[in-house]
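Enquirer: First the structure, then my questions, so here it is.
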Amino acid sequence: MPYAERYRADFERLNRAWIARHFTVEPGDEAELSDPEAHFVRGGGQVLFLVTGSGDVAGTVALLRHGDGFEVAKMTVDEAHRARGYGDLLLAAAIRWAEAREGRYLELVTNSSLAPAIRLYEKHGFEHVPLLEGGEPYARADVRMRRPLLPPDGPPVFVPEGPG
């Protein structure tokens, strides 16, 4: 489900919980959590929510526009809803959303201590790439990953060059 103001408090609650549990909520987090529409949606990205049949917000993922690609950010599943495959559903929805907007890649930063998250990203085709030379925007970020996206008309076709 795409961003709606009625889910803003859930976005903040879910993300603040996991960040505070593992790390320190940083100034950049505060800005994004306080106004996800301004930080993600208005710039060409989106915030997606996984809502259960009973109306509980079970998880969320944000997509931040970066030129011809997107950054996966603030992805989490509520502790009460873990181990149900919801992380897979959220990440697959983020990939489809970015592909539908002709994004050429997805990237993300995370922390090496979050092994289950890294395995999830690898399962969905993300590969490890070098950290930014000037440093990452979050002190906790020590892993950068990237995944190419398919062109909107399907996978590329290899056409050999030469006499034919």
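Chain identifiers are assigned as A, B, and so on, following the order in which chains appear in the structure tokens; residues are numbered from 1 within each chain, and ligands are numbered from 1 in order of appearance.
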Could you pull out all residues of range 3-163 of chain A with a DSSP call of alpha helix (DSSP H) and give them as a PyMOL selection string?
Expert: chain A and resi 8-22+27-34+36+86-100+115-123
Enquirer: Skip Ala117 in chain A itself and residues of its chain fewer than 5 positions away, then list as a ChimeraX atom specification all residues within 12 Å of it, counting only C-alpha atoms.
Expert: /A:74-77,87-88,91,108-112,122-124,126,143,145
Enquirer: Can you tell me, as a ChimeraX atom specification, what residues are no more than 12 Å from Arg144 in chain A when counting only C-alpha atoms, ignoring any on the same chain fewer than 4 positions away?
Expert: /A:71-73,106-112,118,121-122,126-133,135-138,140
Enquirer: Where in range 38-139 of chain A does DSSP assign strand (DSSP E), given as an NGL selection string?
Expert: :A and (46-51 or 57-66 or 69-77 or 105-110 or 127-129)
Enquirer: Pick out the residues sitting within 8 Å of range 2-13 of chain A, and hand them over as an mmCIF file with N, CA and C atoms, in the first residue's frame; count only C-alpha atoms, and ignore anything fewer than 2 positions along from it in its own chain.
Expert:
```cif
data_model
loop_
_atom_site.group_PDB
_atom_site.id
_atom_site.type_symbol
_atom_site.label_atom_id
_atom_site.label_comp_id
_atom_site.auth_asym_id
_atom_site.auth_seq_id
_atom_site.Cartn_x
_atom_site.Cartn_y
_atom_site.Cartn_z
ATOM 1 N N ASN A 15 10.027 2.142 12.593
ATOM 2 C CA ASN A 15 11.436 2.419 12.327
ATOM 3 C C ASN A 15 12.189 2.875 13.570
ATOM 4 N N ARG A 16 11.564 3.695 14.376
ATOM 5 C CA ARG A 16 12.222 4.138 15.613
ATOM 6 C C ARG A 16 12.528 2.921 16.501
ATOM 7 N N ALA A 17 11.624 1.955 16.537
ATOM 8 C CA ALA A 17 11.811 0.774 17.386
ATOM 9 C C ALA A 17 13.046 -0.023 16.975
ATOM 10 N N LEU A 33 11.875 10.353 9.790
ATOM 11 C CA LEU A 33 10.756 9.805 10.558
ATOM 12 C C LEU A 33 9.676 10.848 10.822
ATOM 13 N N SER A 34 10.074 12.089 10.964
ATOM 14 C CA SER A 34 9.101 13.125 11.282
ATOM 15 C C SER A 34 8.279 13.547 10.067
ATOM 16 N N ASP A 35 8.813 13.369 8.860
ATOM 17 C CA ASP A 35 8.072 13.778 7.662
ATOM 18 C C ASP A 35 8.442 12.900 6.469
ATOM 19 N N PRO A 36 7.995 11.647 6.469
ATOM 20 C CA PRO A 36 8.359 10.742 5.372
ATOM 21 C C PRO A 36 7.849 11.206 4.007
ATOM 22 N N GLU A 37 6.733 11.890 3.998
ATOM 23 C CA GLU A 37 6.218 12.369 2.710
ATOM 24 C C GLU A 37 7.204 13.351 2.079
ATOM 25 N N VAL A 41 8.483 10.765 -0.652
ATOM 26 C CA VAL A 41 7.442 10.812 -1.687
ATOM 27 C C VAL A 41 7.584 12.025 -2.599
ATOM 28 N N GLN A 46 8.818 6.736 -2.648
ATOM 29 C CA GLN A 46 7.554 6.246 -2.106
ATOM 30 C C GLN A 46 7.821 5.607 -0.754
ATOM 31 N N VAL A 47 6.790 5.490 0.046
ATOM 32 C CA VAL A 47 6.815 4.700 1.269
ATOM 33 C C VAL A 47 5.705 3.673 1.116
ATOM 34 N N LEU A 48 6.080 2.405 1.195
ATOM 35 C CA LEU A 48 5.117 1.314 1.053
ATOM 36 C C LEU A 48 4.848 0.704 2.427
ATOM 37 N N PHE A 49 3.624 0.245 2.626
ATOM 38 C CA PHE A 49 3.221 -0.368 3.884
ATOM 39 C C PHE A 49 2.619 -1.735 3.617
ATOM 40 N N VAL A 57 -0.535 -2.404 10.664
ATOM 41 C CA VAL A 57 0.612 -2.127 9.800
ATOM 42 C C VAL A 57 1.734 -3.040 10.279
ATOM 43 N N THR A 60 7.052 -1.802 6.728
ATOM 44 C CA THR A 60 7.159 -0.654 5.837
ATOM 45 C C THR A 60 8.527 -0.640 5.179
#
```
Enquirer: Find the residue from A:Pro116, A:His66, A:Gly53, A:Val61 that sits nearest to Arg82 in chain A; use only C-alpha atoms when measuring.
Expert: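 Nearest candidate to Arg82 in chain A out of A:Pro116, A:His66, A:Gly53, A:Val61: A:Pro116.
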Enquirer: From the set A:Ala141, A:Ser54, A:Leu64, A:Leu150, which residue has the shortest atom-to-atom contact distance to Thr24 in chain A, counting only C-alpha atoms?
Expert: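 So, comparing all the options, the nearest one is A:Ala141.
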Enquirer: Any idea what's packed within 12 Å of Gly44 in chain A, counting only C-alpha atoms, ignoring anything in its chain fewer than 4 positions away? Could you give it as JSON, numbers by chain?
Expert: {"A": [37, 38, 39, 40, 62, 63, 64, 65, 66, 67, 68, 69, 70, 71, 97, 98, 101, 102, 103]}
Enquirer: Mind dumping the selected residues with N, CA and C atoms as a compact mmCIF listing (two decimals), in the first residue's frame?
Expert:
```txt
# COMPACT_ATOMS: atom_id res chain seq x y z
N GLU A 37 6.73 11.89 4.00
CA GLU A 37 6.22 12.37 2.71
C GLU A 37 7.20 13.35 2.08
N ALA A 38 7.72 14.29 2.86
CA ALA A 38 8.66 15.28 2.34
C ALA A 38 9.98 14.63 1.94
N HIS A 39 10.46 13.68 2.72
CA HIS A 39 11.78 13.10 2.46
C HIS A 39 11.79 12.03 1.39
N PHE A 40 10.70 11.34 1.20
CA PHE A 40 10.68 10.24 0.23
C PHE A 40 9.73 10.50 -0.94
N ALA A 62 10.79 2.35 2.61
CA ALA A 62 10.81 3.61 1.88
C ALA A 62 11.75 3.51 0.70
N LEU A 63 11.42 4.24 -0.35
CA LEU A 63 12.27 4.32 -1.53
C LEU A 63 12.59 5.79 -1.78
N LEU A 64 13.87 6.08 -1.85
CA LEU A 64 14.35 7.44 -2.05
C LEU A 64 14.94 7.53 -3.46
N ARG A 65 14.48 8.49 -4.24
CA ARG A 65 14.95 8.66 -5.62
C ARG A 65 16.39 9.16 -5.62
N HIS A 66 17.24 8.49 -6.41
CA HIS A 66 18.64 8.90 -6.62
C HIS A 66 18.89 8.89 -8.12
N GLY A 67 18.70 10.01 -8.78
CA GLY A 67 18.95 10.06 -10.22
C GLY A 67 18.11 9.05 -10.96
N ASP A 68 18.77 8.07 -11.60
CA ASP A 68 18.03 7.06 -12.36
C ASP A 68 17.81 5.77 -11.57
N GLY A 69 17.98 5.85 -10.26
CA GLY A 69 17.75 4.70 -9.41
C GLY A 69 17.07 5.10 -8.11
N PHE A 70 17.00 4.14 -7.20
CA PHE A 70 16.34 4.36 -5.92
C PHE A 70 17.16 3.73 -4.80
N GLU A 71 17.05 4.32 -3.61
CA GLU A 71 17.62 3.74 -2.41
C GLU A 71 16.51 3.11 -1.59
N TRP A 97 7.93 -1.75 -7.62
CA TRP A 97 7.59 -0.33 -7.67
C TRP A 97 8.68 0.43 -8.42
N ALA A 98 9.95 0.17 -8.09
CA ALA A 98 11.06 0.88 -8.74
C ALA A 98 11.17 0.51 -10.22
N ARG A 101 8.76 2.32 -12.38
CA ARG A 101 9.12 3.73 -12.60
C ARG A 101 10.43 3.86 -13.35
N GLU A 102 10.81 2.75 -13.99
CA GLU A 102 11.98 2.68 -14.86
C GLU A 102 13.29 3.01 -14.14
N GLY A 103 13.35 2.66 -12.85
CA GLY A 103 14.61 2.79 -12.13
C GLY A 103 15.62 1.81 -12.70
```
